[in-house]
$ cat data01.tsv   # TSV, C-alpha atoms
chain	number	residue	atom	x	y	z
E	24	MET	CA	-16.39	-7.02	134.44
E	25	GLU	CA	-17.92	-10.51	134.36
E	26	ASN	CA	-16.07	-11.54	131.20
E	27	THR	CA	-12.74	-10.51	132.70
E	28	LEU	CA	-13.55	-12.23	135.99
E	29	GLN	CA	-14.12	-15.40	133.98
E	30	LEU	CA	-10.62	-15.08	132.55
E	31	VAL	CA	-9.31	-14.84	136.11
E	32	ARG	CA	-11.20	-18.01	137.01
E	33	ASN	CA	-9.55	-19.73	134.04
E	34	ILE	CA	-6.04	-19.20	135.41
E	35	ILE	CA	-6.69	-20.52	138.93
E	36	PRO	CA	-5.12	-23.96	139.35
E	37	PRO	CA	-7.46	-26.61	140.79
E	38	LEU	CA	-6.71	-28.00	144.23
E	39	SER	CA	-5.45	-31.56	144.08
E	40	SER	CA	-4.10	-34.11	146.55
E	41	THR	CA	-1.51	-35.14	143.97
E	42	LYS	CA	0.36	-31.83	144.14
E	43	HIS	CA	3.47	-31.25	146.22
E	44	LYS	CA	4.25	-28.32	148.51
E	45	GLY	CA	5.36	-25.31	146.53
E	46	GLN	CA	3.69	-26.27	143.27
E	47	ASP	CA	0.96	-23.63	143.57
E	48	GLY	CA	3.34	-20.80	144.34
E	49	ARG	CA	6.45	-19.77	146.21
E	50	ILE	CA	6.31	-16.00	146.63
E	51	GLY	CA	8.99	-13.63	147.94
E	52	VAL	CA	8.34	-10.22	149.50
E	53	VAL	CA	11.24	-7.77	149.61
E	54	GLY	CA	10.52	-5.14	152.23
E	55	GLY	CA	10.33	-4.41	155.92
E	56	CYS	CA	12.55	-2.09	157.93
E	57	GLN	CA	12.69	-1.07	161.57
E	58	GLU	CA	9.84	1.44	161.19
E	59	TYR	CA	7.60	-0.57	158.87
E	60	THR	CA	6.86	-4.20	159.69
E	61	GLY	CA	3.13	-4.47	159.01
E	62	ALA	CA	3.29	-3.95	155.24
E	63	PRO	CA	5.51	-6.94	154.35
E	64	TYR	CA	3.47	-9.10	156.72
E	65	PHE	CA	0.21	-8.06	155.02
E	66	ALA	CA	1.64	-8.77	151.55
E	67	ALA	CA	3.15	-12.13	152.50
E	68	ILE	CA	0.18	-13.44	154.48
E	69	SER	CA	-2.19	-12.35	151.69
E	70	ALA	CA	-0.19	-14.43	149.22
E	71	LEU	CA	-0.69	-17.47	151.45
E	72	LYS	CA	-4.38	-16.76	151.97
E	73	VAL	CA	-4.94	-16.53	148.21
E	74	GLY	CA	-3.32	-19.92	147.68
E	75	ALA	CA	0.47	-19.74	147.53
E	76	ASP	CA	2.12	-22.66	149.33
E	77	LEU	CA	5.14	-20.77	150.68
E	78	SER	CA	5.72	-17.11	151.42
E	79	HIS	CA	9.15	-15.60	152.12
E	80	VAL	CA	9.94	-12.16	153.51
E	81	PHE	CA	13.39	-10.63	152.86
E	82	CYS	CA	13.69	-7.76	155.32
E	83	ALA	CA	16.11	-5.70	157.38
E	84	SER	CA	17.15	-7.53	160.52
E	85	ALA	CA	15.49	-4.95	162.77
E	86	ALA	CA	12.15	-5.99	161.26
E	87	ALA	CA	12.66	-9.75	161.31
E	88	PRO	CA	11.78	-10.62	164.93
E	89	VAL	CA	8.63	-8.52	164.70
E	90	ILE	CA	7.46	-10.09	161.43
E	91	LYS	CA	8.26	-13.57	162.78
E	92	ALA	CA	6.09	-12.77	165.80
E	93	TYR	CA	3.15	-11.77	163.58
E	94	SER	CA	2.86	-15.21	162.02
E	95	PRO	CA	4.60	-18.59	162.13
E	96	GLU	CA	3.39	-19.17	158.57
E	97	LEU	CA	6.03	-16.91	157.02
E	98	ILE	CA	9.66	-17.69	156.22
E	99	VAL	CA	11.60	-14.60	157.28
E	100	HIS	CA	15.11	-13.78	156.04
E	101	PRO	CA	16.80	-10.86	157.91
E	102	VAL	CA	19.22	-10.07	155.09
E	103	LEU	CA	18.49	-6.57	153.81
E	104	PHE	CA	21.15	-4.12	154.89
E	105	ALA	CA	20.07	-0.73	156.19
E	106	GLU	CA	22.43	1.79	157.76
E	107	GLY	CA	21.60	2.39	161.40
E	108	GLY	CA	19.26	-0.60	161.45
E	109	ASN	CA	20.95	-2.03	164.55
E	110	GLU	CA	21.01	1.21	166.48
E	111	GLY	CA	19.72	0.91	170.03
E	112	LEU	CA	19.11	-2.82	169.73
E	113	SER	CA	22.52	-4.34	170.32
E	114	SER	CA	21.63	-5.34	173.89
E	115	ASN	CA	18.78	-7.53	172.72
E	116	LYS	CA	20.16	-11.08	172.53
E	117	THR	CA	17.25	-12.34	170.45
E	118	PHE	CA	17.79	-9.56	167.95
E	119	ARG	CA	21.53	-10.24	167.75
E	120	ALA	CA	20.87	-13.90	167.12
E	121	LEU	CA	18.52	-13.10	164.23
E	122	SER	CA	20.53	-10.23	162.81
E	123	SER	CA	22.40	-10.97	159.62
E	124	ASP	CA	22.35	-7.63	157.85
E	125	SER	CA	25.21	-7.52	155.44
E	126	PRO	CA	26.37	-5.62	152.36
E	127	SER	CA	26.01	-8.92	150.46
E	128	ALA	CA	22.20	-8.70	150.68
E	129	VAL	CA	21.87	-9.10	146.91
E	130	ASP	CA	23.83	-12.36	147.03
E	131	GLU	CA	21.76	-13.59	149.98
E	132	VAL	CA	18.46	-12.96	148.17
E	133	GLU	CA	19.81	-14.21	144.85
E	134	LYS	CA	20.40	-17.63	146.43
E	135	TRP	CA	16.66	-17.97	146.86
E	136	LEU	CA	15.55	-16.64	143.48
E	137	PRO	CA	15.66	-20.03	141.70
E	138	ARG	CA	13.11	-21.28	144.24
E	139	LEU	CA	10.67	-18.38	143.84
E	140	HIS	CA	7.89	-17.97	141.28
E	141	ALA	CA	7.34	-14.24	141.81
E	142	LEU	CA	8.74	-11.34	143.83
E	143	VAL	CA	6.82	-8.49	145.48
E	144	VAL	CA	9.13	-5.51	146.01
E	145	GLY	CA	8.45	-2.51	148.21
E	146	PRO	CA	6.05	-3.11	151.13
E	147	GLY	CA	7.51	-1.43	154.20
E	148	LEU	CA	10.83	-0.97	152.44
E	149	GLY	CA	11.66	2.54	153.59
E	150	ARG	CA	14.03	4.86	151.74
E	151	ASP	CA	17.41	4.15	153.33
E	152	ASP	CA	20.00	4.67	150.57
E	153	VAL	CA	21.95	1.49	151.30
E	154	LEU	CA	18.80	-0.60	151.42
E	155	LEU	CA	17.54	0.86	148.13
E	156	ARG	CA	20.87	0.11	146.44
E	157	ASN	CA	20.50	-3.50	147.51
E	158	VAL	CA	16.95	-3.62	146.18
E	159	GLN	CA	18.21	-2.25	142.88
E	160	GLY	CA	20.60	-5.21	142.71
E	161	ILE	CA	17.81	-7.62	143.63
E	162	LEU	CA	15.65	-6.26	140.82
E	163	GLU	CA	18.49	-6.64	138.33
E	164	ALA	CA	19.07	-10.24	139.47
E	165	SER	CA	15.35	-11.01	139.22
E	166	LYS	CA	15.20	-9.67	135.68
E	167	ALA	CA	18.21	-11.75	134.71
E	168	ARG	CA	16.32	-14.84	135.91
E	169	ASP	CA	13.08	-13.76	134.19
E	170	ILE	CA	11.18	-13.70	137.49
E	171	PRO	CA	7.92	-11.73	137.58
E	172	VAL	CA	8.03	-8.74	139.92
E	173	VAL	CA	5.25	-6.71	141.50
E	174	ILE	CA	6.48	-3.29	142.61
E	175	ASP	CA	4.64	-1.19	145.19
E	176	ALA	CA	5.19	1.50	147.83
E	177	ASP	CA	8.85	2.52	148.23
E	178	GLY	CA	9.77	0.14	145.42
E	179	LEU	CA	7.91	2.65	143.24
E	180	TRP	CA	9.95	5.47	144.77
E	181	LEU	CA	13.08	3.66	143.57
E	182	VAL	CA	11.63	3.17	140.08
E	183	ALA	CA	10.72	6.88	139.89
E	184	GLN	CA	14.39	7.69	140.59
E	185	GLN	CA	15.62	5.09	138.10
E	186	PRO	CA	12.95	4.16	135.52
E	187	ALA	CA	15.56	2.21	133.53
E	188	LEU	CA	15.39	-0.45	136.25
E	189	ILE	CA	12.17	-1.85	134.80
E	190	GLN	CA	12.13	-0.25	131.35
E	191	GLY	CA	10.85	-2.83	128.89
E	192	TYR	CA	10.64	-5.62	131.47
E	193	GLN	CA	7.20	-6.97	130.63
E	194	LYS	CA	7.07	-9.32	133.61
E	195	ALA	CA	6.84	-6.31	135.92
E	196	VAL	CA	3.63	-4.90	137.37
E	197	LEU	CA	3.59	-1.47	139.04
E	198	THR	CA	0.79	-0.69	141.51
E	199	PRO	CA	0.90	3.06	142.28
E	200	ASN	CA	-1.69	5.01	144.24
E	201	HIS	CA	-2.62	8.56	143.19
E	202	MET	CA	0.53	10.26	144.51
E	203	GLU	CA	2.89	7.48	143.42
E	204	PHE	CA	1.39	7.54	139.93
E	205	SER	CA	1.90	11.30	139.62
E	206	ARG	CA	5.53	10.94	140.69
E	207	LEU	CA	6.18	8.12	138.23
E	208	TYR	CA	4.41	9.90	135.38
E	209	ASP	CA	6.43	13.07	135.89
E	210	ALA	CA	9.70	11.11	136.14
E	211	VAL	CA	9.08	9.13	132.96
E	212	LEU	CA	7.06	11.50	130.75
E	213	ARG	CA	8.48	14.79	132.09
E	214	GLY	CA	5.13	16.43	132.64
E	215	PRO	CA	2.06	16.50	134.86
E	216	VAL	CA	-0.72	13.91	134.71
E	217	ASP	CA	-3.91	14.88	132.88
E	218	SER	CA	-6.37	14.38	135.74
E	219	ASP	CA	-9.29	14.46	133.28
E	220	ASP	CA	-7.94	11.48	131.31
E	221	ARG	CA	-6.97	8.73	133.75
E	222	HIS	CA	-7.34	6.01	131.10
E	223	GLY	CA	-5.05	7.80	128.68
E	224	SER	CA	-2.52	8.66	131.38
E	225	VAL	CA	-2.16	5.05	132.53
E	226	LEU	CA	-1.91	3.89	128.92
E	227	ARG	CA	0.79	6.46	128.11
E	228	LEU	CA	2.86	5.64	131.20
E	229	SER	CA	2.75	1.93	130.40
E	230	GLN	CA	3.81	2.58	126.82
E	231	ALA	CA	6.61	4.92	127.88
E	232	LEU	CA	7.96	2.19	130.18
E	233	GLY	CA	8.02	-0.32	127.35
E	234	ASN	CA	4.59	-1.88	127.90
E	235	VAL	CA	5.12	-2.62	131.58
E	236	THR	CA	1.76	-3.34	133.26
E	237	VAL	CA	0.57	-0.41	135.39
E	238	VAL	CA	-2.26	-0.52	137.93
E	239	GLN	CA	-3.37	2.92	139.11
E	240	LYS	CA	-5.32	2.40	142.32
E	241	GLY	CA	-8.20	4.73	143.05
E	242	GLU	CA	-11.97	5.09	143.22
E	243	ARG	CA	-11.84	2.77	140.25
E	244	ASP	CA	-8.64	0.91	139.44
E	245	ILE	CA	-7.27	1.63	135.95
E	246	LEU	CA	-5.01	-1.06	134.46
E	247	SER	CA	-2.97	-1.05	131.26
E	248	ASN	CA	-0.20	-2.98	129.55
E	249	GLY	CA	0.29	-0.28	126.92
E	250	GLN	CA	-2.09	-2.00	124.50
E	251	GLN	CA	-5.28	-2.52	126.44
E	252	VAL	CA	-6.96	-0.62	129.28
E	253	LEU	CA	-9.14	-2.33	131.87
E	254	VAL	CA	-11.23	-0.73	134.60
E	255	CYS	CA	-11.97	-2.53	137.85
E	256	SER	CA	-15.04	-1.10	139.55
E	257	GLN	CA	-15.81	-4.02	141.84
E	258	GLU	CA	-17.70	-2.65	144.85
E	259	GLY	CA	-15.45	-1.87	147.82
E	260	SER	CA	-16.18	0.68	150.53
E	261	SER	CA	-15.37	4.21	151.58
E	262	ARG	CA	-12.88	2.98	154.21
E	263	ARG	CA	-9.27	3.79	153.26
E	264	CYS	CA	-7.21	2.24	156.06
E	265	GLY	CA	-3.50	1.69	155.43
E	266	GLY	CA	-2.36	-1.72	154.24
E	267	GLN	CA	-4.89	-2.42	151.50
E	268	GLY	CA	-2.23	-1.94	148.84
E	269	ASP	CA	-0.14	-4.61	150.54
E	270	LEU	CA	-3.03	-7.06	150.31
E	271	LEU	CA	-3.26	-6.19	146.62
E	272	SER	CA	0.46	-6.65	145.92
E	273	GLY	CA	0.70	-9.95	147.80
E	274	SER	CA	-2.32	-11.48	146.10
E	275	LEU	CA	-1.10	-10.13	142.76
E	276	GLY	CA	2.21	-11.95	143.16
E	277	VAL	CA	0.36	-15.28	143.32
E	278	LEU	CA	-2.04	-14.49	140.51
E	279	VAL	CA	0.79	-13.37	138.22
E	280	HIS	CA	2.48	-16.73	138.72
E	281	TRP	CA	-0.75	-18.60	138.01
E	282	ALA	CA	-1.52	-16.49	134.94
E	283	LEU	CA	1.90	-16.98	133.38
E	284	LEU	CA	1.70	-20.70	134.13
E	285	ALA	CA	-1.73	-20.92	132.50
E	286	GLY	CA	-0.62	-18.98	129.40
E	287	PRO	CA	-2.52	-16.75	126.94
E	288	GLU	CA	-4.74	-19.62	125.78
E	289	LYS	CA	-6.43	-19.51	129.20
E	290	THR	CA	-6.81	-15.73	129.06
E	291	ASN	CA	-8.34	-15.71	125.58
E	292	GLY	CA	-5.34	-13.86	124.17
E	293	SER	CA	-5.39	-11.11	126.79
E	294	SER	CA	-2.20	-10.29	128.66
E	295	PRO	CA	-1.80	-12.79	131.54
E	296	LEU	CA	-0.38	-10.05	133.77
E	297	LEU	CA	-3.33	-7.77	133.03
E	298	VAL	CA	-5.79	-10.54	133.88
E	299	ALA	CA	-3.88	-11.27	137.10
E	300	ALA	CA	-3.93	-7.59	138.04
E	301	PHE	CA	-7.67	-7.38	137.43
E	302	GLY	CA	-8.16	-10.41	139.66
E	303	ALA	CA	-6.09	-8.93	142.49
E	304	CYS	CA	-7.90	-5.58	142.28
E	305	SER	CA	-11.30	-7.30	142.34
E	306	LEU	CA	-10.32	-9.47	145.28
E	307	THR	CA	-8.96	-6.56	147.32
E	308	ARG	CA	-12.13	-4.57	146.73
E	309	GLN	CA	-14.35	-7.52	147.63
E	310	CYS	CA	-12.39	-8.05	150.86
E	311	ASN	CA	-12.84	-4.36	151.66
E	312	HIS	CA	-16.56	-4.58	150.98
E	313	GLN	CA	-17.10	-7.67	153.13
E	314	ALA	CA	-15.01	-6.38	156.03
E	315	PHE	CA	-16.81	-3.03	155.95
E	316	GLN	CA	-20.19	-4.78	156.13
E	317	LYS	CA	-19.07	-6.30	159.42
E	318	HIS	CA	-16.92	-3.58	160.97
E	319	GLY	CA	-17.90	-0.29	159.35
E	320	ARG	CA	-15.71	2.66	160.24
E	321	SER	CA	-13.44	0.50	162.44
E	322	THR	CA	-12.42	-1.74	159.51
E	323	THR	CA	-8.68	-2.42	159.27
E	324	THR	CA	-6.59	-4.40	156.80
E	325	SER	CA	-6.41	-7.29	159.28
E	326	ASP	CA	-10.22	-7.50	159.01
E	327	MET	CA	-9.89	-7.54	155.22
E	328	ILE	CA	-7.33	-10.34	155.25
E	329	ALA	CA	-9.74	-12.42	157.33
E	330	GLU	CA	-12.17	-12.11	154.39
E	331	VAL	CA	-9.78	-13.34	151.67
E	332	GLY	CA	-11.09	-16.92	151.64
E	333	ALA	CA	-14.76	-15.98	151.45
E	334	ALA	CA	-14.12	-13.19	148.94
E	335	PHE	CA	-12.06	-15.53	146.74
E	336	ARG	CA	-14.85	-18.13	146.74
E	337	LYS	CA	-17.50	-15.54	145.92
E	338	LEU	CA	-15.60	-14.04	142.99
E	339	PHE	CA	-13.76	-17.00	141.52
E	340	GLU	CA	-15.30	-20.27	142.70
E	341	THR	CA	-19.04	-19.76	142.39

$ encode --input "data01.tsv" --output "structure tokens"
Amino acid sequence: MENTLQLVRNIIPPLSSTKHKGQDGRIGVVGGCQEYTGAPYFAAISALKVGADLSHVFCASAAAPVIKAYSPELIVHPVLFAEGGNEGLSSNKTFRALSSDSPSAVDEVEKWLPRLHALVVGPGLGRDDVLLRNVQGILEASKARDIPVVIDADGLWLVAQQPALIQGYQKAVLTPNHMEFSRLYDAVLRGPVDSDDRHGSVLRLSQALGNVTVVQKGERDILSNGQQVLVCSQEGSSRRCGGQGDLLSGSLGVLVHWALLAGPEKTNGSSPLLVAAFGACSLTRQCNHQAFQKHGRSTTTSDMIAEVGAAFRKLFET
């Protein structure tokens, strides 16, 4: 654990007054529909709390006013098209002013891709068919530009339906929970997961996807890039409130950018994406632990996000 944490410390860029805004990370989050607005907020605000300079959310227009209201820190783009997304809201003048859902969602997001260092796909995405088709196009455009992508939640649902979307794309990181991992494993390897061999299962799924980095979240997080397997057992807590995976994916987006920028010489030859994933898992668990010490059973992800700064310092700056 400590040796790998040191590799994470190696990739963290030092703070400096000579840097300009955006230099330490411009992260995009693709997700957020009428029903789910908290998840993209948690991912995007976590990216900022970890140290990204700018955080964008590309969401359905029904979600945009809500996400804007959560935080003025986020740049919110209401461009994802979802059928029925405007239903029942047409009388709201504020909503109409913000609404720009359009079938050209891929083009709208693609305009911003040259300005982004990493993309987090899936938090609060939902499973609307039109929206998922647009996200498919966004993933293809991101791959064409060689942009790192972190895929979580309903982004993983899309990948389970179409594994070819990320097959062999080694700048992708998948972050499935227990159920999402089982679905992916069955879709790719055409068989059930061996529950007695988590290490081997994660390794095999990564290899079958062309050495895409896979993070199986659980009691202990198991990570593999198809060549190496890491286990993150940083102390967390027994509290399993919703939203923790969004904190993980948002922080991972920043750390992936930093790790790729630092290069393998800073990670002692280990995969930069694997080191970044280990860092994000450790940080999420430490936030959970610290929040639980204060709030116990009532701990929520908002409490965890309030701990990001202190947890980051404890793990990576001391």

$ residues_around --input "data01.tsv" --residues "E:Arg168" --least-positions-apart "3" --cutoff "12 Å" --atoms "all atoms listed in the file" --output "number ranges by chain"
E: 133-142, 161-165, 171-172, 192, 194

$ residues_around --input "data01.tsv" --residues "E:Ala176" --least-positions-apart "6" --cutoff "12 Å" --atoms "all atoms listed in the file" --output "MDAnalysis selection string"
chainID E and resid 53:55 59 62:63 66 143:150 182:183 197:204 206:207 240 265:269 271:272

$ residues_around --input "data01.tsv" --residues "E:Phe81" --least-positions-apart "6" --cutoff "7 Å" --atoms "only C-alpha atoms" --output "ChimeraX atom specification"
/E:52-54,99-103

$ axis_aligned_box --input "data01.tsv" --around "stretch 210-216 of chain E" --padding-each-side "3 Å" --output "AutoDock Vina command-line options"
--center_x 4.5 --center_y 12.8 --center_z 133.4 --size_x 16.4 --size_y 13.4 --size_z 11.4

$ closest_residue --input "data01.tsv" --among "E:Gln46, E:Ser261, E:Asn291, E:Asn311" --to "E:Ser325" --atoms "only C-alpha atoms"
E:Asn311

$ residues_around --input "data01.tsv" --residues "E:Asn157" --least-positions-apart "2" --cutoff "9 Å" --atoms "only C-alpha atoms" --output "PDB file with C-alpha atoms, in the frame of the given file"
ATOM      1  CA  LEU E 103      18.490  -6.570 153.810  1.00  0.00           C
ATOM      2  CA  PHE E 104      21.150  -4.120 154.890  1.00  0.00           C
ATOM      3  CA  PRO E 126      26.370  -5.620 152.360  1.00  0.00           C
ATOM      4  CA  SER E 127      26.010  -8.920 150.460  1.00  0.00           C
ATOM      5  CA  ALA E 128      22.200  -8.700 150.680  1.00  0.00           C
ATOM      6  CA  VAL E 129      21.870  -9.100 146.910  1.00  0.00           C
ATOM      7  CA  ASP E 152      20.000   4.670 150.570  1.00  0.00           C
ATOM      8  CA  VAL E 153      21.950   1.490 151.300  1.00  0.00           C
ATOM      9  CA  LEU E 154      18.800  -0.600 151.420  1.00  0.00           C
ATOM     10  CA  LEU E 155      17.540   0.860 148.130  1.00  0.00           C
ATOM     11  CA  GLN E 159      18.210  -2.250 142.880  1.00  0.00           C
ATOM     12  CA  GLY E 160      20.600  -5.210 142.710  1.00  0.00           C
ATOM     13  CA  ILE E 161      17.810  -7.620 143.630  1.00  0.00           C
ATOM     14  CA  LEU E 162      15.650  -6.260 140.820  1.00  0.00           C
TER      15      LEU E 162
END

$ closest_residue --input "data01.tsv" --among "E:Leu283, E:Leu97, E:Cys82, E:Leu228" --to "E:Asp169" --atoms "all atoms listed in the file"
E:Leu283

$ atom_distance --input "data01.tsv" --atom1 "atom CA of E:Thr307" --atom2 "atom CA of E:Leu275"
9.8 Å

$ closest_residue --input "data01.tsv" --among "E:Arg32, E:Arg336, E:Lys317, E:Lys72" --to "E:Ser274" --atoms "all atoms listed in the file"
E:Lys72

$ closest_residue --input "data01.tsv" --among "E:His222, E:Lys166, E:Arg156, E:Lys44" --to "E:Gln193" --atoms "only C-alpha atoms"
E:Lys166

$ closest_residue --input "data01.tsv" --among "E:Met24, E:Leu179, E:Val298, E:Ile189" --to "E:Ala167" --atoms "only C-alpha atoms"
E:Ile189

$ closest_residue --input "data01.tsv" --among "E:Ala334, E:Leu232, E:Asp130, E:Ala75" --to "E:Glu258" --atoms "all atoms listed in the file"
E:Ala334

$ atom_distance --input "data01.tsv" --atom1 "atom CA of E:Ser305" --atom2 "atom CA of E:Thr27"
10.3 Å

$ atom_distance --input "data01.tsv" --atom1 "atom CA of E:Val252" --atom2 "atom CA of E:Gly223"
8.7 Å

$ build_atoms --input "data01.tsv" --residues "stretch 306-333 of chain E" --atoms "N, CA and C atoms" --output "tab-separated table (two decimals), in the frame of the given file"
chain	number	residue	atom	x	y	z
E	306	LEU	N	-10.36	-8.78	143.99
E	306	LEU	CA	-10.32	-9.47	145.28
E	306	LEU	C	-10.13	-8.49	146.43
E	307	THR	N	-9.21	-7.55	146.27
E	307	THR	CA	-8.96	-6.56	147.32
E	307	THR	C	-10.22	-5.75	147.61
E	308	ARG	N	-10.91	-5.35	146.56
E	308	ARG	CA	-12.13	-4.57	146.73
E	308	ARG	C	-13.23	-5.40	147.40
E	309	GLN	N	-13.34	-6.66	147.02
E	309	GLN	CA	-14.35	-7.52	147.63
E	309	GLN	C	-14.05	-7.75	149.11
E	310	CYS	N	-12.78	-7.92	149.45
E	310	CYS	CA	-12.39	-8.05	150.86
E	310	CYS	C	-12.76	-6.79	151.64
E	311	ASN	N	-12.50	-5.64	151.03
E	311	ASN	CA	-12.84	-4.36	151.66
E	311	ASN	C	-14.34	-4.27	151.89
E	312	HIS	N	-15.10	-4.64	150.89
E	312	HIS	CA	-16.56	-4.58	150.98
E	312	HIS	C	-17.08	-5.48	152.10
E	313	GLN	N	-16.62	-6.71	152.14
E	313	GLN	CA	-17.10	-7.67	153.13
E	313	GLN	C	-16.70	-7.26	154.54
E	314	ALA	N	-15.46	-6.80	154.71
E	314	ALA	CA	-15.01	-6.38	156.03
E	314	ALA	C	-15.80	-5.16	156.51
E	315	PHE	N	-16.08	-4.24	155.58
E	315	PHE	CA	-16.81	-3.03	155.95
E	315	PHE	C	-18.25	-3.35	156.37
E	316	GLN	N	-18.83	-4.37	155.74
E	316	GLN	CA	-20.19	-4.78	156.13
E	316	GLN	C	-20.24	-5.23	157.58
E	317	LYS	N	-19.13	-5.79	158.05
E	317	LYS	CA	-19.07	-6.30	159.42
E	317	LYS	C	-18.58	-5.25	160.42
E	318	HIS	N	-17.62	-4.43	160.01
E	318	HIS	CA	-16.92	-3.58	160.97
E	318	HIS	C	-17.13	-2.08	160.77
E	319	GLY	N	-17.64	-1.70	159.61
E	319	GLY	CA	-17.90	-0.29	159.35
E	319	GLY	C	-16.66	0.57	159.48
E	320	ARG	N	-16.80	1.69	160.14
E	320	ARG	CA	-15.71	2.66	160.24
E	320	ARG	C	-14.46	2.08	160.90
E	321	SER	N	-14.60	1.06	161.73
E	321	SER	CA	-13.44	0.50	162.44
E	321	SER	C	-12.68	-0.54	161.62
E	322	THR	N	-13.08	-0.75	160.37
E	322	THR	CA	-12.42	-1.74	159.51
E	322	THR	C	-10.92	-1.46	159.37
E	323	THR	N	-10.12	-2.51	159.52
E	323	THR	CA	-8.68	-2.42	159.27
E	323	THR	C	-8.29	-3.48	158.26
E	324	THR	N	-7.05	-3.43	157.79
E	324	THR	CA	-6.59	-4.40	156.80
E	324	THR	C	-6.57	-5.82	157.38
E	325	SER	N	-6.33	-5.96	158.67
E	325	SER	CA	-6.41	-7.29	159.28
E	325	SER	C	-7.80	-7.88	159.12
E	326	ASP	N	-8.84	-7.03	159.24
E	326	ASP	CA	-10.22	-7.50	159.01
E	326	ASP	C	-10.41	-7.93	157.56
E	327	MET	N	-9.78	-7.20	156.64
E	327	MET	CA	-9.89	-7.54	155.22
E	327	MET	C	-9.21	-8.87	154.91
E	328	ILE	N	-8.05	-9.09	155.51
E	328	ILE	CA	-7.33	-10.34	155.25
E	328	ILE	C	-8.14	-11.54	155.75
E	329	ALA	N	-8.88	-11.35	156.83
E	329	ALA	CA	-9.74	-12.42	157.33
E	329	ALA	C	-10.84	-12.78	156.34
E	330	GLU	N	-11.11	-11.89	155.38
E	330	GLU	CA	-12.17	-12.11	154.39
E	330	GLU	C	-11.65	-12.71	153.09
E	331	VAL	N	-10.34	-12.91	152.96
E	331	VAL	CA	-9.78	-13.34	151.67
E	331	VAL	C	-10.42	-14.64	151.18
E	332	GLY	N	-10.53	-15.64	152.07
E	332	GLY	CA	-11.09	-16.92	151.64
E	332	GLY	C	-12.50	-16.80	151.12
E	333	ALA	N	-13.36	-16.13	151.86
E	333	ALA	CA	-14.76	-15.98	151.45
E	333	ALA	C	-14.88	-15.12	150.20
